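Enquirer: Dropping in work12.tsv, with TSV, C-alpha atoms and all ligand atoms.
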chain	number	residue	atom	x	y	z
Z	38	MET	CA	-5.01	-26.31	14.58
Z	39	ARG	CA	-3.31	-29.65	15.16
Z	40	LEU	CA	-4.63	-32.69	13.32
Z	41	ASP	CA	-3.72	-36.28	14.21
Z	42	TYR	CA	-4.77	-39.34	12.22
Z	43	LEU	CA	-4.65	-42.90	13.56
Z	44	THR	CA	-4.87	-45.34	10.67
Z	45	ILE	CA	-3.54	-48.65	9.44
Z	46	PHE	CA	-3.21	-47.10	5.97
Z	47	PRO	CA	-1.13	-43.94	6.40
Z	48	ASP	CA	-0.63	-43.70	2.61
Z	49	TYR	CA	-4.37	-43.19	2.23
Z	50	LEU	CA	-3.93	-39.78	3.82
Z	51	ALA	CA	-1.23	-38.58	1.41
Z	52	PRO	CA	-3.70	-36.13	-0.24
Z	53	LEU	CA	-3.42	-34.03	2.92
Z	54	THR	CA	-0.17	-32.70	1.53
Z	55	LEU	CA	-1.79	-31.61	-1.75
Z	56	SER	CA	-3.57	-28.48	-2.85
Z	57	LEU	CA	-5.08	-26.19	-0.25
Z	58	PRO	CA	-4.62	-28.35	2.86
Z	59	GLY	CA	-0.97	-28.73	1.78
Z	60	LYS	CA	-0.72	-24.95	1.54
Z	61	ALA	CA	-2.22	-24.61	5.01
Z	62	VAL	CA	0.45	-26.98	6.32
Z	63	SER	CA	3.33	-25.11	4.71
Z	64	GLY	CA	1.78	-21.80	5.80
Z	65	GLY	CA	1.72	-23.01	9.42
Z	66	LEU	CA	-2.08	-22.75	9.72
Z	67	ILE	CA	-2.42	-26.46	10.47
Z	68	GLU	CA	-0.08	-29.11	11.77
Z	69	VAL	CA	-0.70	-32.61	10.38
Z	70	HIS	CA	0.49	-35.82	12.05
Z	71	VAL	CA	-0.38	-39.14	10.40
Z	72	HIS	CA	0.30	-42.18	12.59
Z	73	ASP	CA	0.46	-45.83	11.63
Z	74	LEU	CA	-1.64	-47.55	14.28
Z	75	ARG	CA	0.52	-50.68	13.92
Z	76	ARG	CA	3.30	-48.75	15.64
Z	77	TRP	CA	1.45	-49.54	18.87
Z	78	THR	CA	1.27	-53.31	18.33
Z	79	HIS	CA	3.77	-55.72	19.87
Z	80	ASP	CA	3.30	-59.06	18.17
Z	81	ARG	CA	5.13	-60.40	15.13
Z	82	HIS	CA	2.12	-59.85	12.85
Z	83	ARG	CA	1.43	-56.36	14.17
Z	84	THR	CA	-2.18	-57.36	14.78
Z	85	VAL	CA	-4.80	-54.61	15.08
Z	86	ASP	CA	-7.97	-56.73	14.86
Z	87	ASP	CA	-9.61	-59.76	16.40
Z	88	THR	CA	-12.85	-61.74	16.21
Z	89	PRO	CA	-15.98	-60.19	17.74
Z	90	TYR	CA	-17.17	-61.31	21.15
Z	91	GLY	CA	-20.60	-62.87	20.73
Z	92	GLY	CA	-19.72	-64.18	17.29
Z	93	GLY	CA	-20.68	-62.86	13.90
Z	94	ALA	CA	-18.95	-61.97	10.68
Z	95	GLY	CA	-15.84	-59.85	10.30
Z	96	MET	CA	-13.20	-58.55	12.65
Z	97	VAL	CA	-13.13	-55.74	15.19
Z	98	MET	CA	-10.27	-53.32	15.82
Z	99	LYS	CA	-8.57	-54.10	19.10
Z	100	PRO	CA	-8.55	-51.50	21.88
Z	101	GLU	CA	-4.91	-51.76	23.00
Z	102	PRO	CA	-3.19	-50.03	20.03
Z	103	PHE	CA	-5.63	-47.11	20.26
Z	104	GLY	CA	-5.13	-46.88	24.02
Z	105	GLU	CA	-1.34	-46.77	23.72
Z	106	ALA	CA	-1.56	-44.26	20.89
Z	107	PHE	CA	-3.85	-42.02	22.98
Z	108	ASP	CA	-1.36	-42.15	25.86
Z	109	GLU	CA	1.72	-41.41	23.75
Z	110	LEU	CA	-0.01	-38.66	21.78
Z	111	ALA	CA	-1.50	-37.19	24.97
Z	112	ILE	CA	-4.92	-36.71	23.44
Z	113	ASP	CA	-6.42	-35.36	26.67
Z	114	GLY	CA	-8.67	-32.38	26.03
Z	115	ALA	CA	-8.65	-32.91	22.26
Z	116	THR	CA	-11.67	-33.50	20.06
Z	117	ILE	CA	-11.60	-37.12	18.96
Z	118	VAL	CA	-13.35	-37.60	15.63
Z	119	VAL	CA	-14.45	-41.12	14.83
Z	120	PRO	CA	-15.89	-41.71	11.36
Z	121	THR	CA	-18.74	-44.22	11.47
Z	122	PRO	CA	-22.01	-44.75	9.60
Z	123	SER	CA	-23.70	-44.42	13.03
Z	124	GLY	CA	-22.35	-40.91	13.60
Z	125	ARG	CA	-23.68	-37.37	13.26
Z	126	PRO	CA	-24.12	-36.55	9.59
Z	127	LEU	CA	-21.33	-34.31	8.30
Z	128	THR	CA	-22.92	-30.95	7.63
Z	129	GLN	CA	-21.60	-27.45	7.15
Z	130	ALA	CA	-22.79	-26.67	10.71
Z	131	LEU	CA	-20.72	-29.55	12.12
Z	132	ALA	CA	-17.72	-28.46	10.03
Z	133	ARG	CA	-18.08	-24.95	11.48
Z	134	GLU	CA	-18.24	-26.41	14.99
Z	135	LEU	CA	-15.10	-28.50	14.45
Z	136	ALA	CA	-13.27	-25.53	12.94
Z	137	THR	CA	-13.36	-23.87	16.38
Z	138	ARG	CA	-11.37	-26.68	18.02
Z	139	GLU	CA	-7.62	-26.56	18.63
Z	140	ARG	CA	-6.90	-30.22	18.08
Z	141	LEU	CA	-8.70	-32.96	16.19
Z	142	VAL	CA	-7.67	-36.61	16.55
Z	143	PHE	CA	-9.14	-38.85	13.86
Z	144	CYS	CA	-9.51	-42.57	14.60
Z	145	CYS	CA	-9.97	-44.37	11.30
Z	146	GLY	CA	-11.86	-47.63	11.62
Z	147	ARG	CA	-11.55	-50.65	9.33
Z	148	TYR	CA	-13.19	-54.08	9.29
Z	149	GLU	CA	-16.42	-54.02	11.35
Z	150	GLY	CA	-15.27	-50.98	13.28
Z	151	ILE	CA	-13.51	-50.18	16.55
Z	152	ASP	CA	-14.04	-51.86	19.94
Z	153	GLN	CA	-16.69	-49.74	21.70
Z	154	ARG	CA	-14.50	-49.30	24.77
Z	155	VAL	CA	-12.07	-47.18	22.75
Z	156	LEU	CA	-14.86	-44.70	22.11
Z	157	ASP	CA	-16.07	-44.77	25.73
Z	158	HIS	CA	-12.50	-44.19	26.91
Z	159	ALA	CA	-11.92	-41.40	24.38
Z	160	ALA	CA	-15.10	-39.66	25.57
Z	161	GLU	CA	-13.63	-39.49	29.07
Z	162	ARG	CA	-10.34	-38.03	27.91
Z	163	GLY	CA	-11.66	-35.46	25.48
Z	164	GLU	CA	-14.64	-34.57	23.38
Z	165	LEU	CA	-15.83	-37.50	21.26
Z	166	ILE	CA	-17.63	-36.76	18.01
Z	167	GLU	CA	-18.72	-39.65	15.81
Z	168	VAL	CA	-19.26	-38.47	12.26
Z	169	SER	CA	-21.02	-40.08	9.31
Z	170	LEU	CA	-20.38	-39.12	5.70
Z	171	GLY	CA	-23.82	-40.40	4.75
Z	172	ASP	CA	-26.13	-43.36	4.73
Z	173	TYR	CA	-23.82	-45.81	2.99
Z	174	VAL	CA	-20.90	-47.97	4.09
Z	175	LEU	CA	-17.28	-47.31	3.16
Z	176	ASN	CA	-14.42	-49.74	3.70
Z	177	GLY	CA	-12.63	-47.51	6.15
Z	178	GLY	CA	-12.63	-44.19	7.95
Z	179	GLU	CA	-9.78	-42.62	5.95
Z	180	VAL	CA	-11.94	-41.17	3.17
Z	181	ALA	CA	-14.30	-39.77	5.79
Z	182	ALA	CA	-11.38	-38.28	7.75
Z	183	LEU	CA	-10.17	-36.57	4.57
Z	184	ALA	CA	-13.64	-35.22	3.84
Z	185	VAL	CA	-14.05	-33.85	7.37
Z	186	THR	CA	-10.57	-32.34	7.22
Z	187	GLU	CA	-11.23	-30.57	3.95
Z	188	ALA	CA	-14.60	-29.23	5.11
Z	189	VAL	CA	-13.09	-27.97	8.37
Z	190	VAL	CA	-9.72	-26.60	7.30
Z	191	ARG	CA	-11.12	-24.37	4.56
Z	192	LEU	CA	-13.16	-22.59	7.27
Z	193	LEU	CA	-10.10	-21.64	9.34
Z	194	PRO	CA	-9.47	-17.90	9.33
Z	195	GLY	CA	-6.76	-17.12	6.79
Z	196	PHE	CA	-7.20	-20.32	4.81
Z	197	MET	CA	-9.18	-18.98	1.86
Z	198	GLY	CA	-7.62	-16.16	-0.13
Z	199	ASN	CA	-11.05	-14.62	-0.56
Z	200	ALA	CA	-13.23	-15.13	2.54
Z	201	GLU	CA	-16.29	-14.06	0.54
Z	202	SER	CA	-16.20	-17.32	-1.39
Z	203	LEU	CA	-17.06	-19.06	1.89
Z	204	THR	CA	-20.18	-17.06	2.69
Z	205	GLU	CA	-21.59	-17.46	-0.82
Z	206	GLU	CA	-21.39	-21.23	-0.85
Z	207	SER	CA	-24.00	-23.97	-0.78
Z	208	HIS	CA	-25.23	-24.73	2.75
Z	209	GLU	CA	-23.71	-21.59	4.28
Z	210	ALA	CA	-27.04	-19.75	4.09
Z	211	GLY	CA	-29.08	-22.95	4.36
Z	212	LEU	CA	-29.59	-22.98	0.59
Z	213	LEU	CA	-27.83	-24.52	-2.39
Z	214	GLU	CA	-25.66	-22.20	-4.41
Z	215	TYR	CA	-26.86	-20.54	-7.62
Z	216	PRO	CA	-25.29	-21.69	-10.93
Z	217	SER	CA	-21.96	-20.13	-11.92
Z	218	TYR	CA	-20.68	-19.04	-15.33
Z	219	THR	CA	-17.38	-17.76	-16.69
Z	220	LYS	CA	-16.01	-16.61	-20.06
Z	221	PRO	CA	-16.74	-16.99	-22.94
Z	222	ALA	CA	-20.23	-15.43	-22.94
Z	223	VAL	CA	-21.34	-17.92	-25.60
Z	224	TRP	CA	-20.10	-21.51	-25.68
Z	225	ARG	CA	-21.44	-24.11	-28.12
Z	226	ASP	CA	-24.47	-21.89	-28.73
Z	227	ARG	CA	-25.20	-21.69	-25.02
Z	228	GLU	CA	-25.43	-18.17	-23.67
Z	229	VAL	CA	-24.66	-16.93	-20.20
Z	230	PRO	CA	-27.90	-15.55	-18.64
Z	231	PRO	CA	-28.01	-11.90	-19.86
Z	232	VAL	CA	-28.57	-10.48	-16.35
Z	233	LEU	CA	-25.04	-11.57	-15.40
Z	234	LEU	CA	-23.63	-9.38	-18.18
Z	235	SER	CA	-25.83	-6.40	-17.29
Z	236	GLY	CA	-23.58	-4.82	-14.67
Z	237	ASP	CA	-26.74	-4.26	-12.55
Z	238	HIS	CA	-25.56	-5.62	-9.19
Z	239	GLY	CA	-29.00	-5.43	-7.60
Z	240	ALA	CA	-30.57	-7.42	-10.44
Z	241	ILE	CA	-27.72	-9.95	-10.32
Z	242	ALA	CA	-28.16	-10.45	-6.57
Z	243	ARG	CA	-31.94	-10.95	-6.99
Z	244	TRP	CA	-31.42	-13.40	-9.87
Z	245	ARG	CA	-28.89	-15.41	-7.86
Z	246	ARG	CA	-31.15	-15.52	-4.81
Z	247	GLN	CA	-34.04	-16.76	-6.93
Z	248	GLN	CA	-31.84	-19.39	-8.56
Z	249	SER	CA	-30.71	-20.57	-5.13
Z	250	LEU	CA	-34.29	-20.81	-3.91
Z	251	ASP	CA	-35.51	-22.63	-7.05
Z	252	ARG	CA	-32.59	-25.05	-7.05
Z	253	THR	CA	-33.03	-25.82	-3.34
Z	254	ALA	CA	-36.78	-26.33	-3.76
Z	255	ALA	CA	-36.21	-28.67	-6.71
Z	256	ARG	CA	-33.25	-30.67	-5.40
Z	257	ARG	CA	-33.32	-30.44	-1.62
Z	258	PRO	CA	-36.77	-29.34	-0.44
Z	259	ASP	CA	-35.84	-30.70	3.00
Z	260	LEU	CA	-33.50	-27.72	3.38
Z	261	LEU	CA	-36.36	-25.30	2.88
Z	262	HIS	CA	-38.60	-26.89	5.47
Z	263	GLY	CA	-38.78	-24.78	8.55
Z	264	ALA	CA	-36.34	-22.30	7.05
Z	265	GLN	CA	-37.17	-18.67	6.60
Z	266	ALA	CA	-36.29	-19.31	2.97
Z	267	ALA	CA	-39.39	-21.49	2.54
Z	268	GLY	CA	-41.68	-18.49	2.86
Z	269	GLU	CA	-39.41	-16.47	0.65
Z	270	TRP	CA	-39.48	-19.16	-2.04
Z	271	VAL	CA	-43.27	-19.44	-1.96
Z	272	ILE	CA	-43.65	-15.68	-2.24
Z	273	ALA	CA	-40.94	-15.27	-4.90
Z	274	SER	CA	-42.29	-18.11	-6.99
Z	275	ALA	CA	-45.83	-16.78	-6.87
Z	276	VAL	CA	-44.73	-13.44	-8.33
A	1	LIG	N1	-19.89	-52.49	10.67
A	1	LIG	C1	-19.93	-51.08	10.56
A	1	LIG	C2	-21.38	-50.61	10.60
A	1	LIG	O1	-22.25	-51.32	10.11
A	1	LIG	O2	-21.63	-49.51	11.11
A	1	LIG	C3	-19.30	-50.59	9.26
A	1	LIG	C4	-17.83	-50.78	9.24
A	1	LIG	S1	-17.08	-50.13	7.80
A	1	LIG	C5	-16.92	-51.53	6.78
A	1	LIG	C6	-15.44	-49.81	8.31
A	1	LIG	C7	-15.15	-48.39	8.73
A	1	LIG	O3	-15.39	-47.53	7.64
A	1	LIG	C8	-15.97	-47.82	9.86
A	1	LIG	O4	-15.47	-48.21	11.12
A	1	LIG	C9	-15.83	-46.34	9.64
A	1	LIG	O5	-14.60	-45.87	10.16
A	1	LIG	C10	-15.76	-46.24	8.13
A	1	LIG	N2	-17.04	-45.86	7.51
A	1	LIG	C11	-17.83	-46.66	6.77
A	1	LIG	N3	-18.91	-46.01	6.34
A	1	LIG	C12	-18.82	-44.76	6.81
A	1	LIG	C13	-19.66	-43.60	6.72
A	1	LIG	N4	-20.81	-43.62	6.07
A	1	LIG	N5	-19.25	-42.49	7.35
A	1	LIG	C14	-18.09	-42.46	8.04
A	1	LIG	N6	-17.27	-43.53	8.16
A	1	LIG	C15	-17.62	-44.65	7.56
Just dump the structure as structure tokens.

Expert:
Amino acid sequence: MRLDYLTIFPDYLAPLTLSLPGKAVSGGLIEVHVHDLRRWTHDRHRTVDDTPYGGGAGMVMKPEPFGEAFDELAIDGATIVVPTPSGRPLTQALARELATRERLVFCCGRYEGIDQRVLDHAAERGELIEVSLGDYVLNGGEVAALAVTEAVVRLLPGFMGNAESLTEESHEAGLLEYPSYTKPAVWRDREVPPVLLSGDHGAIARWRRQQSLDRTAARRPDLLHGAQAAGEWVIASAV
């Protein structure tokens, strides 16, 4: 998968070279290209923003640098990901969808956002997906681009050493994950639940499922609504 990032703060994306995404780069699983959007400006101040038409507070990112970047990077046919609080919420399902694409081009907004025509133009040249990290406002799209990248790249075949760790995770089965424990068996007088030490794999699987259901019902009941798990939780909890 090829990943391009258009940003006025390329240093913000340095974490892409760390940890697992870094390993995916060196292993050739992903190709990462971070571009300074100011490269496609032509004035002395390397201006990327201007005042909004119609008035109002703040500045808007100008269309020309994005347009020139799109041309030079030949984004045609790519999936253009634009972080914005008005976008589709980032979910595991969306991450799975993006993980099937060959090329993602992230356009990181700043100020009051990007001139709408950039998005309209991008939608004609490729697939445009506007993504929101949640119902709050960040200063820029870089953190969101990193979050999307991490959620997507770890789903690529060959990325995780143990593919099973993916299927067991929160949101993969529509539920939150059960609590995890490791050694020692007793820590500061707190014991690991005895069933996990029993060696009875059936009992462990049932305990974990119940924990997932209880935790989801307590913390994120919205995930249970309409899910098959809702019925399962009601039945299991009544027993
Ligand atoms: N005026 C914009 C609005 O009300 O929708 C917010 C602009 S915000 C200060 C600047 C940039 O941060 C946005 O263009 C977007 O790239 C990014 N951003 C802010 N909040 C975000 C969120 N919840 N999800 C994804 N990106 C976000």

Enquirer: Name the residues, by chain letter and number, that sit within 12 Å of ligand LIG 1 (chain A) using all atoms listed in the file, and give them as a PyMOL selection string.

Expert: chain Z and resi 42-45+86+89+93-98+118-127+143-153+156+166-185

Enquirer: So for range 52-62 of chain Z, what box centre and size do we get, axis-aligned, 8 Å extra on each of the six sides, every listed atom, Å to one decimal, as AutoDock Vina command-line options?

Expert:
--center_x -2.3 --center_y -30.4 --center_z 1.7 --size_x 21.5 --size_y 27.5 --size_z 25.2

Enquirer: Go ahead and compute the interatomic distance for CA of Gly268 in chain Z and CA of Ala242 in chain Z, in Å to one decimal.

Expert: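 Going from CA of Gly268 in chain Z over to CA of Ala242 in chain Z covers 18.3 Å.
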
Enquirer: When you draw a straight line from CA of Thr128 in chain Z to CA of His208 in chain Z, how long is it in Å?

Expert: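 These atoms are spaced 8.2 Å apart.
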
Enquirer: Which one is closest to Pro194 in chain Z: Z:Ala136, Z:Val142, Z:Leu250, Z:Leu260? Count only C-alpha atoms.

Expert: Z:Ala136

Enquirer: Which neighbours of Pro258 in chain Z fall inside 10 Å, counting all atoms listed in the file, when residues of the same chain fewer than 5 positions from it are skipped, and could you give them as JSON, numbers by chain?

Expert: {"Z": [212, 250, 251, 252, 253, 267]}

Enquirer: Just give me the gap between CA of Pro47 in chain Z and CA of Ala132 in chain Z in Å, one decimal is fine.

Expert: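 CA of Pro47 in chain Z sits 23.0 Å away from CA of Ala132 in chain Z.
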
Enquirer: Rank Z:Leu213, Z:Tyr49, Z:Leu131, Z:Leu66 by their smallest atom-to-atom distance to Asp259 in chain Z, using only C-alpha atoms, and report the top residue only.

Expert: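 Of all the options, Z:Leu213 lies closest to Asp259 in chain Z.
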
Enquirer: When distances are computed from all atoms listed in the file, which of Z:Thr116, Z:Ser63, Z:Gln248, Z:Gln129 shows the smallest separation from Leu165 in chain Z?

Expert: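 Closest to Leu165 in chain Z of all the choices is Z:Thr116.
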
Enquirer: Using all atoms listed in the file, pick whichever of Z:Val190, Z:Ala61, Z:Val155, Z:Met38 has the shortest atom-to-atom distance to Gly104 in chain Z.

Expert: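 The shortest atom-to-atom distance to Gly104 in chain Z comes from Z:Val155.
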
Enquirer: From the set Z:Pro221, Z:Pro102, Z:Gly64, Z:Gly211, which residue has the shortest atom-to-atom contact distance to Thr84 in chain Z, counting only C-alpha atoms?

Expert: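 Checking each of Z:Pro221, Z:Pro102, Z:Gly64, Z:Gly211 against Thr84 in chain Z, counting only C-alpha atoms, the winner is Z:Pro102.
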
Enquirer: For Lys220 in chain Z, which residue out of Z:Leu233, Z:Gly195, Z:Ala254, Z:Pro58 is the nearest one, using all atoms listed in the file?

Expert: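 Looking at the shortest contact to Lys220 in chain Z, the residue is Z:Leu233.
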